[in-house]
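K.L.:
Input structure: protein_10.tsv, which contains TSV, C-alpha atoms.
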```tsv
chain	number	residue	atom	x	y	z
A	237	MET	CA	-16.92	18.37	-13.53
A	238	ILE	CA	-18.44	14.96	-12.76
A	239	ILE	CA	-19.23	12.99	-15.92
A	240	LEU	CA	-22.63	11.40	-15.40
A	241	ASP	CA	-24.09	8.38	-17.16
A	242	ASP	CA	-27.55	6.84	-17.19
A	243	ARG	CA	-26.87	5.34	-13.74
A	244	SER	CA	-25.68	8.59	-12.17
A	245	TYR	CA	-29.02	9.19	-10.43
A	246	GLN	CA	-29.36	5.65	-9.11
A	247	LYS	CA	-28.43	5.00	-5.51
A	248	SER	CA	-24.69	4.75	-4.96
A	249	PHE	CA	-22.65	4.05	-1.86
A	250	ILE	CA	-19.31	5.21	-0.49
A	251	LEU	CA	-18.05	3.15	2.45
A	252	ASP	CA	-15.31	3.71	4.98
A	253	MET	CA	-13.36	0.53	5.74
A	254	ASP	CA	-11.89	0.18	9.23
A	255	GLY	CA	-14.68	0.10	11.82
A	256	VAL	CA	-17.26	-0.32	9.06
A	257	VAL	CA	-16.22	-3.41	7.10
A	258	TYR	CA	-13.67	-4.84	9.51
A	259	THR	CA	-11.79	-4.25	12.75
A	260	GLY	CA	-8.24	-5.58	12.72
A	261	SER	CA	-8.33	-9.02	11.11
A	262	HIS	CA	-12.03	-9.58	11.86
A	263	LEU	CA	-14.88	-8.91	9.46
A	264	ILE	CA	-17.74	-7.01	11.09
A	265	PRO	CA	-21.03	-9.01	11.11
A	266	GLY	CA	-23.21	-8.18	8.12
A	267	ALA	CA	-20.45	-6.51	6.09
A	268	LYS	CA	-20.04	-9.29	3.54
A	269	GLU	CA	-23.79	-9.63	3.12
A	270	PHE	CA	-24.15	-5.88	2.52
A	271	VAL	CA	-21.43	-5.82	-0.13
A	272	ASN	CA	-23.06	-8.84	-1.79
A	273	ARG	CA	-26.38	-6.94	-1.85
A	274	LEU	CA	-24.67	-4.01	-3.57
A	275	ILE	CA	-23.13	-6.31	-6.17
A	276	LYS	CA	-26.34	-8.22	-6.75
A	277	GLY	CA	-28.34	-4.99	-7.06
A	278	ASN	CA	-25.81	-3.55	-9.54
A	279	TYR	CA	-25.24	-0.49	-7.35
A	280	LYS	CA	-22.21	1.69	-7.85
A	281	PHE	CA	-20.03	1.66	-4.74
A	282	LEU	CA	-16.57	2.62	-3.58
A	283	PHE	CA	-14.44	2.02	-0.49
A	284	LEU	CA	-13.07	5.33	0.78
A	285	THR	CA	-10.23	5.36	3.29
A	286	ASN	CA	-7.92	7.90	4.89
A	287	ASN	CA	-5.27	5.19	5.07
A	288	SER	CA	-2.54	6.36	2.67
A	289	TYR	CA	-0.08	3.59	3.50
A	290	HIS	CA	-1.67	0.78	1.48
A	291	THR	CA	-2.16	0.62	-2.28
A	292	ALA	CA	-5.52	-0.24	-3.84
A	293	SER	CA	-4.14	-3.68	-4.65
A	294	GLU	CA	-3.20	-4.25	-1.01
A	295	LEU	CA	-6.61	-3.06	0.18
A	296	ARG	CA	-8.30	-5.41	-2.28
A	297	THR	CA	-6.19	-8.28	-0.89
A	298	ARG	CA	-7.10	-7.25	2.66
A	299	LEU	CA	-10.80	-7.60	1.84
A	300	LEU	CA	-10.23	-10.80	-0.12
A	301	ASP	CA	-8.52	-12.32	2.93
A	302	ARG	CA	-11.72	-11.55	4.85
A	303	GLY	CA	-13.98	-13.13	2.26
A	304	ILE	CA	-15.03	-10.06	0.23
A	305	ARG	CA	-14.10	-10.03	-3.46
A	306	VAL	CA	-14.23	-6.68	-5.28
A	307	PRO	CA	-12.22	-5.20	-8.18
A	308	GLU	CA	-9.17	-3.06	-7.49
A	309	ASP	CA	-10.84	0.04	-8.96
A	310	HIS	CA	-13.39	0.03	-6.11
A	311	PHE	CA	-11.00	1.85	-3.75
A	312	TYR	CA	-10.13	5.51	-3.27
A	313	THR	CA	-7.55	6.58	-0.68
A	314	SER	CA	-6.25	9.83	0.75
A	315	ALA	CA	-3.04	9.14	-1.20
A	316	MET	CA	-5.10	9.19	-4.42
A	317	ALA	CA	-6.79	12.42	-3.30
A	318	THR	CA	-3.37	13.97	-2.71
A	319	ALA	CA	-2.22	13.03	-6.20
A	320	SER	CA	-5.50	14.36	-7.66
A	321	PHE	CA	-5.03	17.65	-5.82
A	322	LEU	CA	-1.50	18.13	-7.14
A	323	LYS	CA	-2.58	17.36	-10.71
A	324	VAL	CA	-5.27	20.05	-10.42
A	325	GLN	CA	-2.98	22.59	-8.77
A	326	LYS	CA	0.04	21.88	-10.98
A	327	PRO	CA	-1.20	20.41	-14.28
A	328	ASN	CA	2.22	20.92	-15.86
A	329	GLY	CA	3.96	18.91	-13.13
A	330	CYS	CA	5.53	19.54	-9.76
A	331	SER	CA	7.96	18.08	-7.24
A	332	ALA	CA	7.62	16.95	-3.64
A	333	TYR	CA	9.64	15.80	-0.66
A	334	VAL	CA	7.67	12.90	0.80
A	335	ILE	CA	7.53	11.33	4.23
A	336	GLY	CA	5.21	8.43	3.54
A	337	GLY	CA	4.72	4.77	2.72
A	338	ASN	CA	4.32	2.84	-0.49
A	339	GLY	CA	0.69	3.85	-1.01
A	340	VAL	CA	1.33	7.58	-1.37
A	341	LEU	CA	4.64	7.11	-3.21
A	342	ARG	CA	2.95	4.87	-5.79
A	343	GLU	CA	0.13	7.35	-6.42
A	344	LEU	CA	2.51	10.31	-6.75
A	345	GLN	CA	4.68	8.41	-9.18
A	346	LYS	CA	1.60	7.46	-11.26
A	347	ALA	CA	0.74	11.18	-11.37
A	348	LYS	CA	4.30	11.89	-12.63
A	349	ILE	CA	5.17	13.99	-9.58
A	350	LYS	CA	8.91	14.20	-9.06
A	351	ILE	CA	10.06	12.94	-5.66
A	352	THR	CA	13.04	14.99	-4.49
A	353	SER	CA	14.63	16.90	-1.61
A	354	ASN	CA	16.13	19.46	-4.00
A	355	ASN	CA	13.97	22.59	-3.81
A	356	PRO	CA	10.60	20.77	-3.98
A	357	ASP	CA	7.29	22.55	-4.55
A	358	TYR	CA	5.67	20.61	-1.70
A	359	VAL	CA	6.44	18.72	1.47
A	360	ILE	CA	4.00	15.81	1.82
A	361	VAL	CA	3.48	13.82	5.01
A	362	ALA	CA	1.55	10.55	5.10
A	363	GLU	CA	1.43	7.36	7.17
A	364	THR	CA	4.80	5.63	7.21
A	365	GLU	CA	6.96	3.24	9.21
A	366	GLU	CA	10.05	5.23	8.23
A	367	TYR	CA	9.71	8.40	10.29
A	368	ASP	CA	12.81	9.73	11.99
A	369	TYR	CA	14.47	12.91	13.23
A	370	ALA	CA	16.48	13.41	10.05
A	371	ARG	CA	13.30	13.45	7.92
A	372	ILE	CA	11.60	15.85	10.34
A	373	ILE	CA	14.56	18.22	10.12
A	374	GLU	CA	14.66	18.06	6.32
A	375	ALA	CA	10.91	18.71	6.03
A	376	THR	CA	11.21	21.63	8.46
A	377	HIS	CA	14.03	23.24	6.47
A	378	LEU	CA	12.27	22.79	3.14
A	379	ILE	CA	9.04	24.39	4.39
A	380	GLN	CA	11.01	27.29	5.87
A	381	GLU	CA	12.70	27.66	2.48
A	382	GLY	CA	9.35	27.96	0.69
A	383	ALA	CA	7.91	24.50	0.05
A	384	LYS	CA	4.15	24.24	0.58
A	385	PHE	CA	3.01	21.85	3.32
A	386	ILE	CA	0.31	19.24	2.69
A	387	ALA	CA	-0.66	15.97	4.37
A	388	THR	CA	-2.81	13.05	3.35
A	389	ASN	CA	-5.14	13.08	6.36
A	390	GLN	CA	-5.65	14.60	9.79
A	391	ASP	CA	-6.30	11.40	11.77
A	392	LEU	CA	-4.25	11.53	14.96
A	393	THR	CA	-4.35	7.78	15.53
A	394	GLY	CA	-4.79	4.61	13.55
A	395	PRO	CA	-5.70	1.09	14.68
A	396	SER	CA	-3.35	-1.77	15.45
A	397	GLN	CA	-3.70	-5.11	17.20
A	398	ARG	CA	-2.10	-3.62	20.33
A	399	GLY	CA	-4.16	-0.43	20.31
A	400	PRO	CA	-4.02	3.05	18.74
A	401	VAL	CA	-0.82	4.16	17.00
A	402	PRO	CA	0.22	7.60	15.68
A	403	ALA	CA	-1.27	8.41	12.28
A	404	CYS	CA	-0.65	11.24	9.85
A	405	GLY	CA	-2.17	13.97	12.03
A	406	ALA	CA	0.34	13.14	14.76
A	407	LEU	CA	3.29	12.88	12.39
A	408	VAL	CA	2.83	16.42	11.09
A	409	ALA	CA	2.75	17.91	14.61
A	410	PRO	CA	6.49	18.54	15.20
A	411	ILE	CA	6.95	20.01	11.71
A	412	GLN	CA	3.89	22.18	12.19
A	413	LYS	CA	5.03	23.39	15.62
A	414	VAL	CA	8.52	24.34	14.48
A	415	THR	CA	7.58	26.03	11.19
A	416	GLY	CA	4.33	27.59	12.35
A	417	VAL	CA	2.80	26.38	9.06
A	418	ASN	CA	-0.41	24.35	9.13
A	419	PRO	CA	-0.59	21.57	6.52
A	420	TYR	CA	-3.47	21.30	4.08
A	421	PHE	CA	-5.12	17.92	4.71
A	422	LEU	CA	-6.52	16.13	1.65
A	423	GLY	CA	-8.30	13.20	3.32
A	424	LYS	CA	-11.74	13.06	4.94
A	425	PRO	CA	-13.50	15.27	5.87
A	426	ASN	CA	-12.13	17.44	3.06
A	427	PRO	CA	-15.03	17.77	0.56
A	428	ALA	CA	-12.48	17.66	-2.27
A	429	MET	CA	-11.80	14.00	-1.50
A	430	MET	CA	-15.53	13.32	-1.52
A	431	PHE	CA	-15.84	15.10	-4.88
A	432	TRP	CA	-13.06	13.06	-6.49
A	433	ALA	CA	-14.54	9.84	-5.08
A	434	ARG	CA	-17.91	10.67	-6.63
A	435	LYS	CA	-16.17	11.66	-9.85
A	436	LYS	CA	-14.54	8.24	-9.92
A	437	LEU	CA	-17.99	6.67	-9.56
A	438	GLY	CA	-19.66	9.15	-11.90
A	439	VAL	CA	-22.56	9.81	-9.53
A	440	HIS	CA	-24.54	12.75	-8.18
A	441	SER	CA	-24.22	13.70	-4.49
A	442	ALA	CA	-28.00	13.89	-4.03
A	443	ASN	CA	-28.32	10.14	-4.54
A	444	CYS	CA	-25.03	9.06	-2.95
A	445	PHE	CA	-24.72	7.60	0.56
A	446	MET	CA	-21.67	8.05	2.78
A	447	ILE	CA	-21.37	5.22	5.31
A	448	GLY	CA	-18.84	5.52	8.12
A	449	ASP	CA	-18.15	5.04	11.81
A	450	ARG	CA	-16.66	8.46	12.59
A	451	MET	CA	-18.67	11.64	13.08
A	452	ASP	CA	-15.63	13.90	12.65
A	453	THR	CA	-14.52	12.54	9.27
A	454	ASP	CA	-17.08	10.31	7.52
A	455	ILE	CA	-20.31	11.97	8.58
A	456	VAL	CA	-19.26	15.62	8.46
A	457	GLY	CA	-17.46	15.00	5.16
A	458	GLY	CA	-20.56	13.43	3.66
A	459	LEU	CA	-22.79	16.17	5.06
A	460	GLU	CA	-20.66	18.98	3.66
A	461	SER	CA	-20.59	17.24	0.28
A	462	GLY	CA	-24.37	16.99	0.03
A	463	MET	CA	-24.56	13.23	0.47
A	464	THR	CA	-26.94	11.18	2.61
A	465	THR	CA	-25.01	10.09	5.71
A	466	CYS	CA	-25.19	6.78	7.54
A	467	LEU	CA	-23.40	6.23	10.84
A	468	VAL	CA	-22.67	2.62	11.82
A	469	LEU	CA	-21.98	1.96	15.49
A	470	SER	CA	-19.51	-0.87	14.78
A	471	GLY	CA	-16.42	1.34	15.04
A	472	VAL	CA	-15.29	4.50	16.82
A	473	THR	CA	-18.47	6.50	17.50
A	474	THR	CA	-21.02	5.39	20.09
A	475	ARG	CA	-24.66	6.49	20.11
A	476	THR	CA	-23.99	8.67	23.18
A	477	ALA	CA	-20.94	10.32	21.60
A	478	MET	CA	-22.92	10.95	18.41
A	479	THR	CA	-25.44	13.16	20.23
A	480	ARG	CA	-22.69	15.57	21.33
A	481	PHE	CA	-22.01	16.76	17.79
A	482	PRO	CA	-23.88	19.81	16.41
A	483	TYR	CA	-24.62	17.89	13.21
A	484	GLN	CA	-26.28	14.48	13.06
A	485	PRO	CA	-26.33	11.66	10.48
A	486	ASP	CA	-29.37	10.96	8.36
A	487	TYR	CA	-29.39	7.33	9.51
A	488	VAL	CA	-27.88	5.32	12.37
A	489	PHE	CA	-27.33	1.55	12.18
A	490	ARG	CA	-25.61	-0.97	14.41
A	491	ASN	CA	-23.65	-2.31	11.44
A	492	LEU	CA	-23.71	-2.65	7.65
A	493	GLY	CA	-25.90	-5.73	7.87
A	494	GLU	CA	-28.88	-3.57	8.91
A	495	ILE	CA	-28.74	-1.46	5.74
A	496	ASP	CA	-31.04	-2.47	2.90
A	497	PRO	CA	-30.03	-0.59	-0.30
A	498	GLU	CA	-33.54	-1.05	-1.71
A	499	ILE	CA	-35.31	0.56	1.24
A	500	ILE	CA	-33.00	3.33	2.40
A	501	SER	CA	-33.93	6.74	0.95
A	502	SER	CA	-31.48	9.30	-0.42
A	503	LYS	CA	-31.82	13.07	-0.03
A	504	ARG	CA	-33.09	13.27	-3.59
A	505	GLU	CA	-35.78	10.65	-3.01
A	506	ARG	CA	-36.95	12.35	0.19
A	507	VAL	CA	-37.18	15.74	-1.55
A	508	GLU	CA	-39.20	14.22	-4.39
A	509	LYS	CA	-41.66	12.71	-1.90
A	510	LEU	CA	-42.27	16.15	-0.40
A	511	ARG	CA	-43.17	17.72	-3.74
```
Please, can you express the file's structure as structure tokens?
P.N.:
Amino acid sequence: MIILDDRSYQKSFILDMDGVVYTGSHLIPGAKEFVNRLIKGNYKFLFLTNNSYHTASELRTRLLDRGIRVPEDHFYTSAMATASFLKVQKPNGCSAYVIGGNGVLRELQKAKIKITSNNPDYVIVAETEEYDYARIIEATHLIQEGAKFIATNQDLTGPSQRGPVPACGALVAPIQKVTGVNPYFLGKPNPAMMFWARKKLGVHSANCFMIGDRMDTDIVGGLESGMTTCLVLSGVTTRTAMTRFPYQPDYVFRNLGEIDPEIISSKRERVEKLR
């Protein structure tokens, strides 16, 4: 249950990061100004990312290096969603074999989830730079022996300065093929991640905006969670590609700089106007 306060029905904003706020080491035009408008207007907002490799502290530093200063508690990652899921599923504790980086390991440890290869309850796959044949074999055996298979996000690729690189969705593929078991993905567009993000903010979906650059994660995730969706064309999705999807965003902008929090209308506001 989301705990609401007297600001729960004010406009609130959930923002993707890569392709929305920055690309590589470069800040996208208008991004800093938009965040400053949110801060000045006292809006609740949260950065939501499928990147499970970095901790909230590292993400905060990444934005700070690009000139945007926000508190560490303004971030929610697919690693956090994975830890939240396990706490709900196994409130008395559980164990997991993990193929993943510091971000997911830190969140699992904070949730008091035991990291082990000895008869774990779960096999968890996330973004990592330590991915090898031995780990693939171990994960395969453990799933065949009864461990449940989950993964932080289904993104096949992630960005790098030299171009796309394999992300979590690609890393699970050999394990999935051999075992015949499909992982349960916790990251966007899973509505559970959207729910926990809104719970962290303490806001209602009817007055919450999801801003992203991907139709297949940000926009569909926001849509299925009852939020107002805003596609920015500063990242992956082009205007032409957008029209090929059966669902469409509520708003389309070139970048964050075009969004005025005071003017943009939420689903709740539009419904009230029709009454």
K.L.:
What's the separation between atom CA of Pro419 of chain A and atom CA of Lys384 of chain A, in Å to one decimal place?
P.N.:
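So the answer is 8.1 Å.
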K.L.:
Applying 9 Å and only C-alpha atoms, which residues near Lys424 of chain A remain after dropping the ones on its own chain fewer than 4 positions away? List them as a ChimeraX atom specification.
P.N.:
/A:284-286,314,389-391,428-430,452-454,456-458
K.L.:
Work out how far atom CA of Cys330 of chain A is from atom CA of Asn426 of chain A, in Å to one decimal.
P.N.:
21.9 Å
K.L.:
Which is closest to Glu343 of chain A among A:Ile499, A:Ala387, A:Met316, A:Val257, if we use all atoms listed in the file?
P.N.:
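The shortest atom-to-atom distance to Glu343 of chain A comes from A:Met316.
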K.L.:
With only C-alpha atoms as the basis for distance, which of A:Phe489, A:Ile349, A:Asn338, A:Pro395 is at the shortest distance from Thr364 of chain A?
P.N.:
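Nearest candidate to Thr364 of chain A out of A:Phe489, A:Ile349, A:Asn338, A:Pro395: A:Asn338.
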K.L.:
List the residues sitting within 10 Å of (-6.5, 0.7, -4.2) in the file's frame, using only C-alpha atoms, as a list in words.
P.N.:
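Within the cut-off we find Phe283, Leu284, Thr285, Ser288, His290, Thr291, Ala292, Ser293, Glu294, Leu295, Arg296, Thr297, Pro307, Glu308, Asp309, His310, Phe311, Tyr312, Thr313, Ala315, Met316, Gly339 and Glu343 of chain A.
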K.L.:
I need the residue nearest Gln397 of chain A from this list: A:Pro427, A:Ile275, A:Lys247, A:Gly260. Use only C-alpha atoms for the distance.
P.N.:
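Counting only C-alpha atoms, the residue closest to Gln397 of chain A is A:Gly260.
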K.L.:
Just to confirm, what's the straight-line distance from atom CA of Ser441 of chain A to atom CA of Leu322 of chain A in Å (one decimal)?
P.N.:
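So the answer is 23.3 Å.
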K.L.:
Write out N, CA and C atoms for segment 382-407 of chain A, as a PDB file, in the coordinates of the input.
P.N.:
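Saved result, result_25.pdb, follows:
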```pdb
ATOM      1  N   GLY A 382      10.395  27.595   1.644  1.00  0.00           N
ATOM      2  CA  GLY A 382       9.350  27.960   0.690  1.00  0.00           C
ATOM      3  C   GLY A 382       8.465  26.843   0.180  1.00  0.00           C
ATOM      4  N   ALA A 383       8.765  25.596   0.510  1.00  0.00           N
ATOM      5  CA  ALA A 383       7.910  24.500   0.050  1.00  0.00           C
ATOM      6  C   ALA A 383       6.549  24.569   0.746  1.00  0.00           C
ATOM      7  N   LYS A 384       5.490  24.259   0.009  1.00  0.00           N
ATOM      8  CA  LYS A 384       4.150  24.240   0.580  1.00  0.00           C
ATOM      9  C   LYS A 384       3.943  22.923   1.328  1.00  0.00           C
ATOM     10  N   PHE A 385       3.152  22.971   2.398  1.00  0.00           N
ATOM     11  CA  PHE A 385       3.010  21.850   3.320  1.00  0.00           C
ATOM     12  C   PHE A 385       1.634  21.221   3.165  1.00  0.00           C
ATOM     13  N   ILE A 386       1.578  19.954   2.753  1.00  0.00           N
ATOM     14  CA  ILE A 386       0.310  19.240   2.690  1.00  0.00           C
ATOM     15  C   ILE A 386       0.469  17.864   3.345  1.00  0.00           C
ATOM     16  N   ALA A 387      -0.663  17.285   3.718  1.00  0.00           N
ATOM     17  CA  ALA A 387      -0.660  15.970   4.370  1.00  0.00           C
ATOM     18  C   ALA A 387      -1.872  15.185   3.891  1.00  0.00           C
ATOM     19  N   THR A 388      -1.746  13.880   3.911  1.00  0.00           N
ATOM     20  CA  THR A 388      -2.810  13.050   3.350  1.00  0.00           C
ATOM     21  C   THR A 388      -4.067  13.048   4.204  1.00  0.00           C
ATOM     22  N   ASN A 389      -3.940  13.103   5.518  1.00  0.00           N
ATOM     23  CA  ASN A 389      -5.140  13.080   6.360  1.00  0.00           C
ATOM     24  C   ASN A 389      -4.815  13.579   7.752  1.00  0.00           C
ATOM     25  N   GLN A 390      -5.856  13.986   8.476  1.00  0.00           N
ATOM     26  CA  GLN A 390      -5.650  14.600   9.790  1.00  0.00           C
ATOM     27  C   GLN A 390      -5.888  13.646  10.955  1.00  0.00           C
ATOM     28  N   ASP A 391      -6.097  12.362  10.687  1.00  0.00           N
ATOM     29  CA  ASP A 391      -6.300  11.400  11.770  1.00  0.00           C
ATOM     30  C   ASP A 391      -5.091  11.378  12.706  1.00  0.00           C
ATOM     31  N   LEU A 392      -5.344  11.558  13.989  1.00  0.00           N
ATOM     32  CA  LEU A 392      -4.250  11.530  14.960  1.00  0.00           C
ATOM     33  C   LEU A 392      -3.780  10.116  15.243  1.00  0.00           C
ATOM     34  N   THR A 393      -4.704   9.164  15.224  1.00  0.00           N
ATOM     35  CA  THR A 393      -4.350   7.780  15.530  1.00  0.00           C
ATOM     36  C   THR A 393      -4.922   6.833  14.478  1.00  0.00           C
ATOM     37  N   GLY A 394      -4.298   5.685  14.389  1.00  0.00           N
ATOM     38  CA  GLY A 394      -4.790   4.610  13.550  1.00  0.00           C
ATOM     39  C   GLY A 394      -4.842   3.342  14.379  1.00  0.00           C
ATOM     40  N   PRO A 395      -5.550   2.314  13.899  1.00  0.00           N
ATOM     41  CA  PRO A 395      -5.700   1.090  14.680  1.00  0.00           C
ATOM     42  C   PRO A 395      -4.528   0.134  14.515  1.00  0.00           C
ATOM     43  N   SER A 396      -4.284  -0.651  15.530  1.00  0.00           N
ATOM     44  CA  SER A 396      -3.350  -1.770  15.450  1.00  0.00           C
ATOM     45  C   SER A 396      -3.837  -2.841  16.411  1.00  0.00           C
ATOM     46  N   GLN A 397      -3.260  -4.023  16.334  1.00  0.00           N
ATOM     47  CA  GLN A 397      -3.700  -5.110  17.200  1.00  0.00           C
ATOM     48  C   GLN A 397      -3.402  -4.836  18.671  1.00  0.00           C
ATOM     49  N   ARG A 398      -2.452  -3.946  18.942  1.00  0.00           N
ATOM     50  CA  ARG A 398      -2.100  -3.620  20.330  1.00  0.00           C
ATOM     51  C   ARG A 398      -2.720  -2.309  20.799  1.00  0.00           C
ATOM     52  N   GLY A 399      -3.532  -1.691  19.940  1.00  0.00           N
ATOM     53  CA  GLY A 399      -4.160  -0.430  20.310  1.00  0.00           C
ATOM     54  C   GLY A 399      -3.803   0.686  19.350  1.00  0.00           C
ATOM     55  N   PRO A 400      -4.263   1.916  19.642  1.00  0.00           N
ATOM     56  CA  PRO A 400      -4.020   3.050  18.740  1.00  0.00           C
ATOM     57  C   PRO A 400      -2.536   3.342  18.552  1.00  0.00           C
ATOM     58  N   VAL A 401      -2.202   3.751  17.339  1.00  0.00           N
ATOM     59  CA  VAL A 401      -0.820   4.160  17.000  1.00  0.00           C
ATOM     60  C   VAL A 401      -0.886   5.515  16.313  1.00  0.00           C
ATOM     61  N   PRO A 402       0.226   6.283  16.334  1.00  0.00           N
ATOM     62  CA  PRO A 402       0.220   7.600  15.680  1.00  0.00           C
ATOM     63  C   PRO A 402      -0.070   7.487  14.185  1.00  0.00           C
ATOM     64  N   ALA A 403      -0.964   8.342  13.710  1.00  0.00           N
ATOM     65  CA  ALA A 403      -1.270   8.410  12.280  1.00  0.00           C
ATOM     66  C   ALA A 403      -0.795   9.758  11.741  1.00  0.00           C
ATOM     67  N   CYS A 404      -1.197  10.082  10.543  1.00  0.00           N
ATOM     68  CA  CYS A 404      -0.650  11.240   9.850  1.00  0.00           C
ATOM     69  C   CYS A 404      -0.786  12.540  10.645  1.00  0.00           C
ATOM     70  N   GLY A 405      -1.949  12.742  11.269  1.00  0.00           N
ATOM     71  CA  GLY A 405      -2.170  13.970  12.030  1.00  0.00           C
ATOM     72  C   GLY A 405      -1.180  14.159  13.155  1.00  0.00           C
ATOM     73  N   ALA A 406      -0.682  13.065  13.709  1.00  0.00           N
ATOM     74  CA  ALA A 406       0.340  13.140  14.760  1.00  0.00           C
ATOM     75  C   ALA A 406       1.721  13.358  14.169  1.00  0.00           C
ATOM     76  N   LEU A 407       1.964  12.768  12.993  1.00  0.00           N
ATOM     77  CA  LEU A 407       3.290  12.880  12.390  1.00  0.00           C
ATOM     78  C   LEU A 407       3.602  14.292  11.919  1.00  0.00           C
TER      79      LEU A 407
END
```
